[in-house]
>>> print(open('target-v7.cif').read())   # mmCIF, C-alpha atoms and all ligand atoms
data_my_file
loop_
_atom_site.label_atom_id
_atom_site.label_comp_id
_atom_site.auth_asym_id
_atom_site.auth_seq_id
_atom_site.Cartn_x
_atom_site.Cartn_y
_atom_site.Cartn_z
CA MET A 76 0.00 0.00 0.00
CA ASP A 77 1.23 3.48 -0.86
CA GLY A 78 2.26 5.71 2.01
CA GLN A 79 1.41 9.28 2.87
CA PRO A 80 4.73 10.69 1.53
CA LEU A 81 3.91 9.41 -1.97
CA ILE A 82 0.33 10.71 -1.85
CA SER A 83 1.52 14.07 -0.53
CA LYS A 84 4.14 14.29 -3.29
CA GLU A 85 1.52 13.56 -5.96
CA ILE A 86 -0.76 16.25 -4.51
CA GLU A 87 2.10 18.74 -4.41
CA ASP A 88 3.08 18.04 -8.03
CA ILE A 89 -0.48 18.57 -9.26
CA HIS A 90 -0.92 21.75 -7.24
CA SER A 91 2.37 23.25 -8.40
CA SER A 92 1.32 22.98 -12.05
CA ALA A 93 -2.29 24.09 -11.50
CA THR A 94 -3.45 27.56 -12.43
CA PRO A 95 -5.49 29.63 -9.94
CA GLY A 96 -9.19 29.86 -10.56
CA GLU A 97 -9.93 26.15 -10.86
CA THR A 98 -12.59 26.30 -8.20
CA GLN A 99 -14.25 22.89 -8.49
CA PRO A 100 -12.51 19.58 -7.68
CA ARG A 101 -10.66 17.85 -10.49
CA LEU A 102 -12.50 14.69 -11.49
CA ASP A 103 -9.18 13.20 -12.57
CA PHE A 104 -7.17 13.33 -9.35
CA PRO A 105 -4.95 10.23 -9.05
CA PRO A 106 -3.95 10.74 -5.38
CA TYR A 107 -7.59 9.83 -4.67
CA ARG A 108 -7.17 6.26 -5.88
CA SER A 109 -10.88 5.51 -6.21
CA SER A 110 -11.15 8.22 -8.87
CA LEU A 111 -8.82 6.38 -11.28
CA LEU A 112 -11.54 4.35 -13.01
CA ARG A 113 -14.41 6.66 -12.15
CA HIS A 114 -13.58 9.93 -13.89
CA PRO A 115 -14.69 10.80 -17.42
CA THR A 116 -11.84 11.25 -19.90
CA LYS A 117 -13.91 13.01 -22.56
CA ASP A 118 -14.71 16.70 -22.19
CA LEU A 119 -18.07 17.69 -20.78
CA ARG A 120 -20.44 18.77 -23.55
CA HIS A 121 -21.86 22.29 -23.36
CA VAL A 122 -25.61 22.50 -23.57
CA ASP A 123 -28.30 25.06 -22.80
CA PRO A 124 -30.67 23.72 -20.17
CA GLU A 125 -34.22 23.04 -21.27
CA GLY A 126 -37.37 21.40 -19.97
CA ALA A 127 -36.97 19.67 -16.63
CA GLU A 128 -33.39 20.93 -16.27
CA LEU A 129 -34.75 24.39 -15.49
CA PHE A 130 -36.73 23.21 -12.47
CA ALA A 131 -35.31 21.75 -9.27
CA PRO A 132 -37.55 19.34 -7.40
CA VAL A 133 -39.79 21.01 -4.85
CA PHE A 134 -39.93 19.94 -1.20
CA GLY A 135 -42.24 21.12 1.55
CA GLN A 136 -43.46 20.64 5.09
CA SER A 137 -44.94 17.31 4.06
CA ASP A 138 -41.44 16.05 3.21
CA VAL A 139 -39.44 17.12 6.26
CA ASP A 140 -40.24 17.21 9.97
CA VAL A 141 -38.69 20.22 11.75
CA LEU A 142 -37.23 17.83 14.36
CA GLU A 143 -35.03 16.25 11.68
CA ALA A 144 -32.72 19.29 11.91
CA ASP A 145 -31.64 18.21 15.41
CA LEU A 146 -29.40 15.14 15.18
CA THR A 147 -29.02 14.98 18.97
CA ILE A 148 -32.64 14.04 19.73
CA GLN A 149 -33.34 11.28 17.26
CA ALA A 150 -32.59 8.15 19.25
CA GLY A 151 -34.04 8.69 22.70
CA GLY A 152 -30.86 9.57 24.58
CA GLU A 153 -28.06 12.10 24.37
CA PRO A 154 -25.31 11.20 21.91
CA ILE A 155 -21.73 11.33 23.15
CA GLY A 156 -19.48 14.12 21.91
CA GLU A 157 -19.13 17.84 21.51
CA ARG A 158 -22.59 19.38 20.92
CA ILE A 159 -22.48 21.91 18.07
CA THR A 160 -24.75 23.96 15.85
CA VAL A 161 -24.03 24.59 12.19
CA ARG A 162 -25.81 27.60 10.77
CA GLY A 163 -25.52 29.19 7.36
CA ARG A 164 -27.19 30.60 4.31
CA LEU A 165 -27.82 28.93 0.96
CA ILE A 166 -27.58 31.34 -1.97
CA ASP A 167 -27.29 30.94 -5.73
CA GLY A 168 -24.50 32.20 -7.97
CA ASP A 169 -26.16 35.61 -8.20
CA GLY A 170 -26.39 35.99 -4.44
CA ARG A 171 -30.11 35.28 -4.21
CA PRO A 172 -31.34 33.20 -1.26
CA VAL A 173 -32.60 29.70 -2.07
CA ARG A 174 -35.86 29.56 -0.15
CA GLY A 175 -37.71 26.58 1.28
CA GLN A 176 -35.32 24.09 -0.26
CA LEU A 177 -34.17 20.73 1.07
CA ILE A 178 -30.76 20.27 2.72
CA GLU A 179 -29.71 16.75 3.73
CA VAL A 180 -26.69 15.98 5.95
CA TRP A 181 -24.97 12.85 7.12
CA GLN A 182 -21.86 12.28 9.22
CA ALA A 183 -19.80 9.99 11.43
CA ASN A 184 -20.28 10.02 15.20
CA SER A 185 -17.80 11.62 17.61
CA ALA A 186 -15.58 8.52 17.41
CA GLY A 187 -15.42 8.63 13.61
CA ARG A 188 -17.86 5.79 12.97
CA TYR A 189 -20.82 5.75 10.57
CA ILE A 190 -23.97 3.70 11.13
CA HIS A 191 -23.27 1.91 7.85
CA LYS A 192 -22.83 -1.79 7.28
CA ARG A 193 -19.70 -1.22 5.22
CA ASP A 194 -17.98 0.96 7.83
CA GLN A 195 -15.41 -1.40 9.38
CA HIS A 196 -13.60 1.15 11.54
CA PRO A 197 -13.27 -0.48 15.00
CA ALA A 198 -14.56 2.58 16.84
CA PRO A 199 -17.69 2.48 18.97
CA ILE A 200 -21.16 2.93 17.55
CA ASP A 201 -23.17 5.44 19.54
CA PRO A 202 -26.65 3.99 20.11
CA ASN A 203 -27.98 7.54 20.50
CA PHE A 204 -26.64 8.91 17.22
CA THR A 205 -27.64 8.09 13.66
CA GLY A 206 -25.82 11.02 12.04
CA VAL A 207 -28.62 11.82 9.57
CA GLY A 208 -30.44 15.16 9.33
CA ARG A 209 -32.67 17.16 7.02
CA CYS A 210 -34.17 20.63 6.94
CA LEU A 211 -35.79 23.17 4.66
CA THR A 212 -34.15 26.58 4.28
CA ASP A 213 -36.19 29.54 5.54
CA ASP A 214 -37.41 32.51 3.50
CA ASP A 215 -33.95 34.06 3.52
CA GLY A 216 -32.11 30.84 2.64
CA ASN A 217 -30.96 30.13 6.21
CA TYR A 218 -30.51 26.67 7.68
CA LEU A 219 -29.57 25.41 11.14
CA PHE A 220 -28.54 21.94 12.31
CA THR A 221 -27.82 20.83 15.86
CA THR A 222 -25.47 17.86 16.02
CA ILE A 223 -22.30 16.37 17.50
CA LYS A 224 -18.87 17.20 16.10
CA PRO A 225 -17.85 14.20 13.96
CA GLY A 226 -14.50 12.50 14.49
CA PRO A 227 -11.85 11.90 11.83
CA TYR A 228 -11.83 8.36 10.46
CA PRO A 229 -9.39 6.02 8.70
CA TRP A 230 -9.88 4.88 5.11
CA ARG A 231 -8.03 2.68 2.68
CA ASN A 232 -6.78 5.11 0.07
CA HIS A 233 -3.21 4.56 1.30
CA HIS A 234 -1.41 3.37 4.43
CA ASN A 235 -2.47 5.30 7.54
CA ALA A 236 -4.93 7.47 5.60
CA TRP A 237 -7.36 9.56 7.69
CA ARG A 238 -10.20 11.79 6.57
CA PRO A 239 -10.43 15.20 8.23
CA ALA A 240 -13.66 15.51 10.25
CA HIS A 241 -16.52 16.49 7.96
CA ILE A 242 -20.27 16.64 7.48
CA HIS A 243 -21.70 15.59 4.10
CA PHE A 244 -24.17 18.11 2.62
CA SER A 245 -26.67 17.41 -0.18
CA LEU A 246 -28.07 20.57 -1.80
CA PHE A 247 -30.67 21.68 -4.33
CA GLY A 248 -31.26 25.09 -5.89
CA THR A 249 -34.09 26.42 -8.02
CA ASP A 250 -32.80 24.77 -11.23
CA PHE A 251 -32.00 21.07 -11.63
CA THR A 252 -28.57 22.15 -12.94
CA GLN A 253 -27.63 23.52 -9.48
CA ARG A 254 -27.74 20.13 -7.78
CA MET A 255 -24.62 19.39 -5.74
CA ILE A 256 -23.19 17.28 -2.93
CA THR A 257 -20.19 18.41 -0.90
CA GLN A 258 -18.48 18.15 2.49
CA MET A 259 -18.12 20.75 5.23
CA TYR A 260 -14.90 20.72 7.29
CA PHE A 261 -13.89 22.21 10.64
CA PRO A 262 -11.31 24.98 11.08
CA GLY A 263 -7.69 24.11 11.87
CA ASP A 264 -7.84 20.41 11.06
CA PRO A 265 -4.25 19.04 10.86
CA LEU A 266 -5.37 16.50 8.23
CA PHE A 267 -6.23 19.02 5.49
CA ALA A 268 -2.80 18.94 3.84
CA LEU A 269 -2.81 15.13 3.77
CA ASP A 270 -6.29 14.49 2.38
CA PRO A 271 -6.57 13.86 -1.37
CA ILE A 272 -10.35 14.44 -1.42
CA TYR A 273 -10.07 17.91 0.09
CA GLN A 274 -6.93 18.65 -1.97
CA SER A 275 -8.65 17.67 -5.24
CA ILE A 276 -9.70 21.34 -5.34
CA THR A 277 -6.46 22.89 -6.56
CA ASP A 278 -7.33 26.54 -5.88
CA PRO A 279 -6.54 27.30 -2.20
CA ALA A 280 -9.20 30.01 -1.89
CA ALA A 281 -11.85 27.65 -3.27
CA ARG A 282 -10.72 24.88 -0.88
CA ASP A 283 -11.08 27.24 2.06
CA ARG A 284 -14.72 27.70 1.17
CA LEU A 285 -15.44 24.20 2.48
CA ILE A 286 -14.23 25.09 5.99
CA ALA A 287 -16.83 26.34 8.47
CA GLY A 288 -15.93 29.28 10.70
CA TYR A 289 -16.08 29.06 14.46
CA ASP A 290 -18.56 31.76 15.48
CA HIS A 291 -18.58 32.55 19.18
CA ASP A 292 -21.85 34.45 18.85
CA GLU A 293 -23.39 31.16 17.73
CA SER A 294 -22.08 29.27 20.76
CA ARG A 295 -24.65 28.97 23.50
CA HIS A 296 -23.86 29.47 27.17
CA GLU A 297 -23.23 26.14 28.90
CA TRP A 298 -24.74 24.28 25.93
CA SER A 299 -23.10 24.16 22.46
CA MET A 300 -20.30 25.39 20.17
CA GLY A 301 -21.37 27.39 17.12
CA TYR A 302 -20.13 27.07 13.55
CA ARG A 303 -21.14 29.06 10.52
CA TRP A 304 -20.97 27.85 6.93
CA ASP A 305 -22.52 29.64 3.94
CA ILE A 306 -23.09 27.75 0.70
CA VAL A 307 -23.17 29.14 -2.84
CA LEU A 308 -24.70 27.16 -5.70
CA THR A 309 -24.09 27.84 -9.39
CA GLY A 310 -26.26 30.46 -11.07
CA SER A 311 -29.85 29.98 -12.14
CA HIS A 312 -30.58 29.82 -15.88
CA ARG A 313 -34.07 31.22 -15.51
CA THR A 314 -34.25 34.94 -16.23
CA PRO A 315 -35.17 37.21 -13.30
CA MET A 316 -38.53 37.77 -15.05
CA GLU A 317 -39.38 34.12 -14.48
CA THR A 318 -38.12 33.88 -10.89
CA GLU A 319 -39.28 35.65 -7.82
CA GLU A 320 -37.72 39.10 -7.45
CA ASP A 321 -35.92 39.86 -4.22
CA ALA A 322 -37.83 42.20 -1.96
CA MET B 127 -26.10 40.59 -11.62
CA SER B 128 -22.80 39.89 -9.96
CA SER B 129 -21.62 36.33 -9.94
CA VAL B 130 -20.45 34.72 -6.68
CA MET B 131 -17.93 31.86 -6.67
CA PRO B 132 -19.83 28.62 -6.10
CA THR B 133 -18.89 26.33 -3.23
CA PRO B 134 -16.86 23.38 -4.55
CA GLY B 135 -18.42 19.93 -4.71
CA GLN B 136 -16.97 16.80 -3.10
CA THR B 137 -17.58 13.08 -3.59
CA ILE B 138 -20.71 11.51 -2.08
CA GLY B 139 -18.35 8.97 -0.46
CA PRO B 140 -19.17 5.37 0.48
CA PHE B 141 -21.45 5.89 3.48
CA PHE B 142 -24.58 7.62 2.15
CA HIS B 143 -26.85 4.55 2.09
CA TYR B 144 -28.28 5.01 5.56
CA ALA B 145 -28.92 8.72 4.92
CA LEU B 146 -30.12 9.49 1.40
CA PRO B 147 -32.34 6.59 0.28
CA PHE B 148 -35.96 6.75 1.46
CA GLU B 149 -39.09 4.68 1.04
CA PHE B 150 -40.39 4.76 -2.56
CA ASP B 151 -37.42 6.95 -3.54
CA ARG B 152 -37.26 5.34 -7.00
CA GLU B 153 -40.99 4.89 -7.50
CA LEU B 154 -42.20 8.16 -9.03
CA VAL B 155 -45.32 6.16 -9.84
CA ALA B 156 -46.42 2.85 -8.35
CA ARG B 157 -45.10 -0.14 -10.26
CA GLU B 158 -48.66 -1.45 -10.65
CA GLN B 159 -49.86 1.69 -12.42
CA PRO B 160 -50.80 0.78 -16.03
CA ASP B 161 -48.70 3.53 -17.66
CA ALA B 162 -45.69 2.99 -15.39
CA VAL B 163 -42.45 2.26 -17.18
CA ARG B 164 -39.40 0.62 -15.66
CA LEU B 165 -36.25 2.64 -16.35
CA HIS B 166 -33.12 0.78 -15.33
CA GLY B 167 -29.48 0.15 -16.06
CA TYR B 168 -25.98 -0.15 -14.68
CA VAL B 169 -23.48 2.44 -13.56
CA LEU B 170 -20.09 1.19 -14.78
CA ASP B 171 -16.47 2.15 -14.20
CA GLY B 172 -13.62 2.32 -16.73
CA ASP B 173 -13.12 -1.46 -16.54
CA GLY B 174 -16.80 -2.10 -17.18
CA HIS B 175 -17.44 -3.17 -13.60
CA GLY B 176 -20.67 -2.16 -11.87
CA ILE B 177 -20.28 0.58 -9.26
CA GLN B 178 -21.96 -0.50 -6.04
CA ASP B 179 -21.86 2.89 -4.36
CA ALA B 180 -23.37 5.19 -6.97
CA MET B 181 -26.59 7.19 -6.76
CA ILE B 182 -28.73 8.40 -9.65
CA GLU B 183 -31.35 11.13 -9.50
CA ILE B 184 -33.86 11.90 -12.27
CA ARG B 185 -36.02 14.94 -13.01
CA GLN B 186 -38.65 14.95 -15.73
CA ALA B 187 -41.94 16.17 -17.15
CA ASP B 188 -45.16 14.18 -16.94
CA ALA B 189 -46.69 12.50 -19.98
CA SER B 190 -48.19 15.80 -21.17
CA GLY B 191 -44.81 17.58 -21.07
CA HIS B 192 -45.54 19.55 -17.89
CA VAL B 193 -42.71 19.69 -15.33
CA PRO B 194 -44.41 19.35 -11.94
CA GLU B 195 -43.36 21.71 -9.16
CA VAL B 196 -45.10 20.02 -6.28
CA PRO B 197 -43.72 18.79 -2.95
CA GLY B 198 -44.03 15.27 -1.63
CA SER B 199 -41.16 13.30 -3.18
CA LEU B 200 -39.78 12.23 0.21
CA ARG B 201 -43.15 11.04 1.48
CA ARG B 202 -45.04 10.02 -1.61
CA ASP B 203 -48.82 10.13 -1.28
CA GLY B 204 -49.43 7.65 -4.09
CA ALA B 205 -51.33 10.21 -6.18
CA SER B 206 -49.10 13.21 -6.98
CA PHE B 207 -46.46 12.94 -9.68
CA THR B 208 -43.51 15.01 -8.46
CA GLY B 209 -41.21 14.35 -11.42
CA TRP B 210 -38.19 13.61 -9.24
CA GLY B 211 -36.68 10.40 -7.90
CA ARG B 212 -33.52 8.87 -6.49
CA SER B 213 -32.01 5.38 -6.83
CA SER B 214 -28.85 4.10 -5.25
CA THR B 215 -27.14 1.22 -7.05
CA ASP B 216 -27.07 -2.35 -5.75
CA PRO B 217 -23.86 -4.43 -5.36
CA THR B 218 -23.81 -5.06 -9.13
CA GLY B 219 -24.13 -1.36 -10.00
CA HIS B 220 -27.78 -1.68 -11.01
CA TYR B 221 -30.33 1.13 -10.51
CA TRP B 222 -34.02 1.28 -11.38
CA PHE B 223 -36.97 3.65 -11.39
CA SER B 224 -40.69 3.23 -11.89
CA THR B 225 -41.84 6.34 -13.72
CA LEU B 226 -43.83 7.81 -16.61
CA GLU B 227 -42.48 8.47 -20.07
CA PRO B 228 -42.14 12.25 -20.28
CA GLY B 229 -43.88 14.22 -23.00
CA GLN B 230 -42.35 17.04 -25.03
CA THR B 231 -41.83 20.22 -22.99
CA ASP B 232 -41.18 22.16 -26.21
CA PRO B 233 -42.58 21.37 -29.69
CA ASP B 234 -39.12 21.67 -31.28
CA SER B 235 -37.25 19.30 -29.01
CA ALA B 236 -37.35 15.64 -28.06
CA PRO B 237 -38.51 14.58 -24.61
CA PHE B 238 -35.82 13.49 -22.15
CA ILE B 239 -35.25 12.64 -18.52
CA ALA B 240 -32.58 14.78 -16.81
CA VAL B 241 -30.05 12.80 -14.76
CA THR B 242 -27.50 13.52 -12.03
CA VAL B 243 -24.84 10.92 -11.18
CA PHE B 244 -22.99 10.61 -7.86
CA ALA B 245 -20.52 7.92 -6.77
CA ARG B 246 -17.71 7.18 -4.38
CA GLY B 247 -14.56 7.95 -6.38
CA LEU B 248 -16.38 10.60 -8.41
CA LEU B 249 -15.25 13.94 -7.02
CA ASN B 250 -18.18 15.97 -8.32
CA ARG B 251 -21.62 15.19 -9.71
CA LEU B 252 -22.17 14.58 -13.42
CA PHE B 253 -25.20 15.44 -15.54
CA THR B 254 -26.61 13.61 -18.54
CA ARG B 255 -29.94 13.12 -20.35
CA ILE B 256 -31.94 10.03 -21.23
CA TYR B 257 -33.82 10.44 -24.51
CA LEU B 258 -36.69 8.10 -25.34
CA PRO B 259 -36.06 5.69 -28.19
CA ASP B 260 -39.29 5.46 -30.15
CA ASP B 261 -40.27 8.89 -31.40
CA GLU B 262 -38.07 9.16 -34.50
CA ALA B 263 -39.79 12.36 -35.61
CA SER B 264 -38.96 14.37 -32.49
CA LEU B 265 -35.49 12.80 -32.17
CA SER B 266 -34.62 13.89 -35.70
CA ILE B 267 -35.69 17.54 -35.24
CA ASP B 268 -34.09 18.06 -31.83
CA PRO B 269 -31.41 20.76 -32.17
CA PHE B 270 -29.13 19.33 -29.46
CA LEU B 271 -29.26 15.75 -30.73
CA SER B 272 -28.62 16.94 -34.27
CA GLY B 273 -25.26 18.29 -33.12
CA LEU B 274 -24.10 14.91 -31.81
CA ASP B 275 -22.43 12.13 -33.77
CA GLU B 276 -24.18 8.78 -34.07
CA GLN B 277 -22.31 7.15 -31.17
CA GLU B 278 -23.08 10.05 -28.84
CA ARG B 279 -26.73 10.08 -29.88
CA GLN B 280 -26.99 6.38 -29.09
CA ALA B 281 -25.23 6.90 -25.76
CA MET B 282 -27.93 9.40 -24.77
CA THR B 283 -30.90 7.34 -25.90
CA ALA B 284 -32.47 4.58 -23.84
CA ILE B 285 -32.98 1.13 -25.36
CA ARG B 286 -36.52 -0.27 -25.50
CA GLU B 287 -36.42 -3.82 -24.17
CA PRO B 288 -38.80 -6.49 -25.46
CA ASP B 289 -40.92 -6.22 -22.30
CA GLY B 290 -41.28 -2.45 -22.77
CA HIS B 291 -38.74 -1.43 -20.15
CA LEU B 292 -36.25 1.33 -20.82
CA ARG B 293 -32.59 0.40 -20.40
CA PHE B 294 -29.94 3.07 -19.93
CA ASP B 295 -26.38 2.31 -18.80
CA ILE B 296 -24.07 5.00 -17.49
CA ARG B 297 -20.37 4.54 -18.25
CA LEU B 298 -18.11 6.88 -16.34
CA GLN B 299 -15.02 6.18 -18.45
CA GLY B 300 -13.76 4.39 -21.55
CA PRO B 301 -14.26 4.44 -25.32
CA ASP B 302 -18.04 4.16 -24.92
CA GLN B 303 -18.20 6.67 -22.06
CA SER B 304 -21.55 8.39 -21.51
CA VAL B 305 -22.00 11.96 -22.71
CA PHE B 306 -21.84 14.22 -19.67
CA LEU B 307 -23.11 17.76 -19.79
CA THR B 308 -22.17 21.18 -18.50
CA TYR B 309 -24.49 24.19 -18.51
CA PRO B 310 -23.61 27.87 -19.09
CA ARG B 311 -23.98 28.91 -15.44
CA HIS B 312 -21.56 26.22 -14.28
CA ALA B 313 -18.88 28.51 -15.68
CA GLY B 314 -19.92 31.49 -13.60
FE FE A 401 -17.54 10.83 5.18
#
>>> encode(input="target-v7.cif", output="structure tokens")
Amino acid sequence: MDGQPLISKEIEDIHSSATPGETQPRLDFPPYRSSLLRHPTKDLRHVDPEGAELFAPVFGQSDVDVLEADLTIQAGGEPIGERITVRGRLIDGDGRPVRGQLIEVWQANSAGRYIHKRDQHPAPIDPNFTGVGRCLTDDDGNYLFTTIKPGPYPWRNHHNAWRPAHIHFSLFGTDFTQRMITQMYFPGDPLFALDPIYQSITDPAARDRLIAGYDHDESRHEWSMGYRWDIVLTGSHRTPMETEEDA
Amino acid sequence: MSSVMPTPGQTIGPFFHYALPFEFDRELVAREQPDAVRLHGYVLDGDGHGIQDAMIEIRQADASGHVPEVPGSLRRDGASFTGWGRSSTDPTGHYWFSTLEPGQTDPDSAPFIAVTVFARGLLNRLFTRIYLPDDEASLSIDPFLSGLDEQERQAMTAIREPDGHLRFDIRLQGPDQSVFLTYPRHAG
């Protein structure tokens, strides 16, 4: 199995030849070994969206219970770990709030273990934590989750490989073309430089956008630590005439 | 309008199965419904092996060509057609949906089902379209399809199986790779 020095060298070589402004991850990023056979080699084809591509799916109160935004109350008892809130705003590429839209999250527990049959990490399962949450954004695009800070976890990309702690986010906009899934990280994680998934984004400023900020105003007295993470989708293709104007 | 830099994507990873699938996620209409069609296929890697940790989402018009904008996909009521569904792949890379065949949303273009692809090992989502195989007239006038070569056109068109099902495989890599799409606003 390859070691971290080789992976780090490969990352460094790619970054040193990359030009700034490449703000999405490379699909072809060999240090992430699982991408080798799973990235397209032909260029993406440019197309103007039409029909269903102009309309994201719609979700409402019937789809999501408000309690699903609190991952610490789903199993009857208090999960173990550092209680946190993650708050932020979902906007599109023109800065408009995405209102009433579905956000789904999933994450490991505080020991770095997922409730997933294929997670073999010998860390304890927390019977009081499933690590799954959902919410709808409010009328200004805001969301708020209450959860437990996830732990880092090992994976098999290379010898002694560890993922920085993260929360997976699944996001929709107003157009189908804005659909995305990403990962939110925590500030100051010593694993950032070593992680080929995080480092697949070659532009450092773009990479930073995946790191939540610690926000002391969001921390609650004798209760929880507060993080803030704003999310920007790509732009909508519908003209402002067709979409709701901002007040 | 000023453009803001979009947040980068990341892979869906291997551990989404306990979080994203939901009951009836892939059944946009009940399988027993007379006009239901089974849309299915495999998600394959560059060696032609099925990808067991992929997830496909579809978005489409109803049979009359209307794109529904109604809630209820996550808790289907058995009556509303929401035009959106989600299917994770099984250990062989197979996905399936029970849905309606979409009608034309525009008289000058062929009906299609819009698709997003996610997988472990795939660092960002991919988009493609599934065109319906039978309506030669609309397929031949469609401006986008007319700009593709024959192999690409075939790669974007489902196959009608003898039992009426629609078959559409998604190949992430290789000489017969699927045609993946990018839209103008992905560039800023
Ligand atoms: Fe993860």
>>> atom_distance(input="target-v7.cif", atom1="atom CA of A:His196", atom2="atom CA of A:Ile223")
18.5 Å
>>> residues_near_ligand(input="target-v7.cif", ligand="ligand FE 401 (chain A)", cutoff="10 Å", atoms="all atoms listed in the file", output="ChimeraX atom specification")
/A:181-183,187-189,225-228,230,238-243,258-259 /B:137-142
>>> residues_near_point(input="target-v7.cif", point="(-27.1, 32.4, 20.5)", cutoff="12 Å", atoms="all atoms listed in the file", output="list in words")
Ile159, Thr160, Val161, Arg162, Leu219, Asp290, His291, Asp292, Glu293, Ser294, Arg295, His296, Glu297, Trp298, Ser299, Met300, Gly301 and Tyr302 of chain A
>>> closest_atom_pairs(input="target-v7.cif", of="chain B", to="chain A", cutoff="7 Å", atoms="all atoms listed in the file", output="CSV")
residue,atom,partner,partner_atom,distance
B:Met127,CA,A:Asp169,CA,6.0
B:Ser128,CA,A:Asp169,CA,5.7
B:Ser129,CA,A:Asp169,CA,4.9
B:Val130,CA,A:Gly168,CA,4.9
B:Met131,CA,A:Gly168,CA,6.7
B:Pro132,CA,A:Val307,CA,4.7
B:Thr133,CA,A:Val307,CA,5.1
B:Pro134,CA,A:Gln99,CA,4.8
B:Gly135,CA,A:Thr257,CA,4.5
B:Gln136,CA,A:Thr257,CA,4.2
B:Thr137,CA,A:Thr257,CA,6.5
B:Ile138,CA,A:Ile256,CA,6.3
B:Phe141,CA,A:His191,CA,6.2
B:Tyr144,CA,A:His191,CA,6.3
B:Ala145,CA,A:Val207,CA,5.6
B:Asp171,CA,A:Arg113,CA,5.4
B:Gly172,CA,A:Leu112,CA,4.7
B:Asp173,CA,A:Leu112,CA,7.0
B:Arg185,CA,A:Ala127,CA,6.0
B:Gln186,CA,A:Ala127,CA,5.1
B:Ala187,CA,A:Ala127,CA,6.1
B:Val193,CA,A:Ala127,CA,5.9
B:Glu195,CA,A:Val133,CA,5.6
B:Val196,CA,A:Val133,CA,5.6
B:Pro197,CA,A:Phe134,CA,4.3
B:Gly198,CA,A:Asp138,CA,5.5
B:Ser199,CA,A:Asp138,CA,7.0
B:Leu200,CA,A:Asp138,CA,5.1
B:Arg201,CA,A:Asp138,CA,5.6
B:Trp210,CA,A:Pro132,CA,6.1
B:Thr231,CA,A:Gly126,CA,5.5
B:Ala240,CA,A:Glu128,CA,6.2
B:Gly247,CA,A:Ser110,CA,4.2
B:Leu248,CA,A:Ser110,CA,5.8
B:Leu249,CA,A:Leu102,CA,5.3
B:Asn250,CA,A:Leu102,CA,6.6
B:Arg251,CA,A:Met255,CA,6.5
B:Leu298,CA,A:Pro115,CA,5.3
B:Gln299,CA,A:Pro115,CA,4.7
B:Phe306,CA,A:Leu119,CA,5.2
B:Leu307,CA,A:Arg120,CA,4.7
B:Thr308,CA,A:His121,CA,5.0
B:Tyr309,CA,A:Val122,CA,5.5
B:Pro310,CA,A:Asp123,CA,6.6
B:Arg311,CA,A:Gly310,CA,5.2
B:His312,CA,A:Thr309,CA,5.7
B:Gly314,CA,A:Gly310,CA,6.9
>>> atom_distance(input="target-v7.cif", atom1="atom CA of A:Ser185", atom2="atom CA of A:Leu246")
23.7 Å
>>> residues_around(input="target-v7.cif", residues="A:Ile286", least_positions_apart="5", cutoff="8 Å", atoms="only C-alpha atoms", output="compact mmCIF listing (two decimals) with C-alpha atoms, in the coordinates of the input")
# COMPACT_ATOMS: atom_id res chain seq x y z
CA MET A 259 -18.12 20.75 5.23
CA TYR A 260 -14.90 20.72 7.29
CA PHE A 261 -13.89 22.21 10.64
CA PRO A 262 -11.31 24.98 11.08
CA TRP A 304 -20.97 27.85 6.93
>>> atom_distance(input="target-v7.cif", atom1="atom CA of A:Gly163", atom2="atom CA of B:Pro147")
24.6 Å
>>> residues_around(input="target-v7.cif", residues="stretch 285-291 of chain B", least_positions_apart="4", cutoff="9 Å", atoms="only C-alpha atoms", output="list of chain:residue names")
B:Val163, B:Arg164, B:Leu165, B:His166, B:Leu258, B:Pro259, B:Asp260, B:Gln280
>>> closest_residue(input="target-v7.cif", among="B:Ala284, B:Leu252, B:Val243, B:Ser235", to="B:Leu271", atoms="only C-alpha atoms")
B:Ser235
>>> residues_around(input="target-v7.cif", residues="B:Glu278", least_positions_apart="5", cutoff="10 Å", atoms="only C-alpha atoms", output="list in words")
Leu271, Gly273, Thr283, Asp302, Gln303, Ser304 and Val305 of chain B
>>> residues_around(input="target-v7.cif", residues="stretch 188-191 of chain B", least_positions_apart="3", cutoff="9 Å", atoms="all atoms listed in the file", output="ChimeraX atom specification")
/A:126 /B:194,207-209,226-232,237
>>> write_last_selection(input="target-v7.cif", atoms="C-alpha atoms", output="compact mmCIF listing (two decimals), in the coordinates of the input")
# COMPACT_ATOMS: atom_id res chain seq x y z
CA GLY A 126 -37.37 21.40 -19.97
CA PRO B 194 -44.41 19.35 -11.94
CA PHE B 207 -46.46 12.94 -9.68
CA THR B 208 -43.51 15.01 -8.46
CA GLY B 209 -41.21 14.35 -11.42
CA LEU B 226 -43.83 7.81 -16.61
CA GLU B 227 -42.48 8.47 -20.07
CA PRO B 228 -42.14 12.25 -20.28
CA GLY B 229 -43.88 14.22 -23.00
CA GLN B 230 -42.35 17.04 -25.03
CA THR B 231 -41.83 20.22 -22.99
CA ASP B 232 -41.18 22.16 -26.21
CA PRO B 237 -38.51 14.58 -24.61
>>> closest_residue(input="target-v7.cif", among="A:Pro229, A:Gly248, A:Pro80, A:Pro197", to="A:Leu165", atoms="all atoms listed in the file")
A:Gly248
>>> residues_around(input="target-v7.cif", residues="A:Asp213", least_positions_apart="4", cutoff="10 Å", atoms="only C-alpha atoms", output="ChimeraX atom specification")
/A:164-165,172-176,217-219
>>> closest_residue(input="target-v7.cif", among="B:Phe150, B:Thr242, B:Val169, B:Glu262", to="B:Arg297", atoms="only C-alpha atoms")
B:Val169
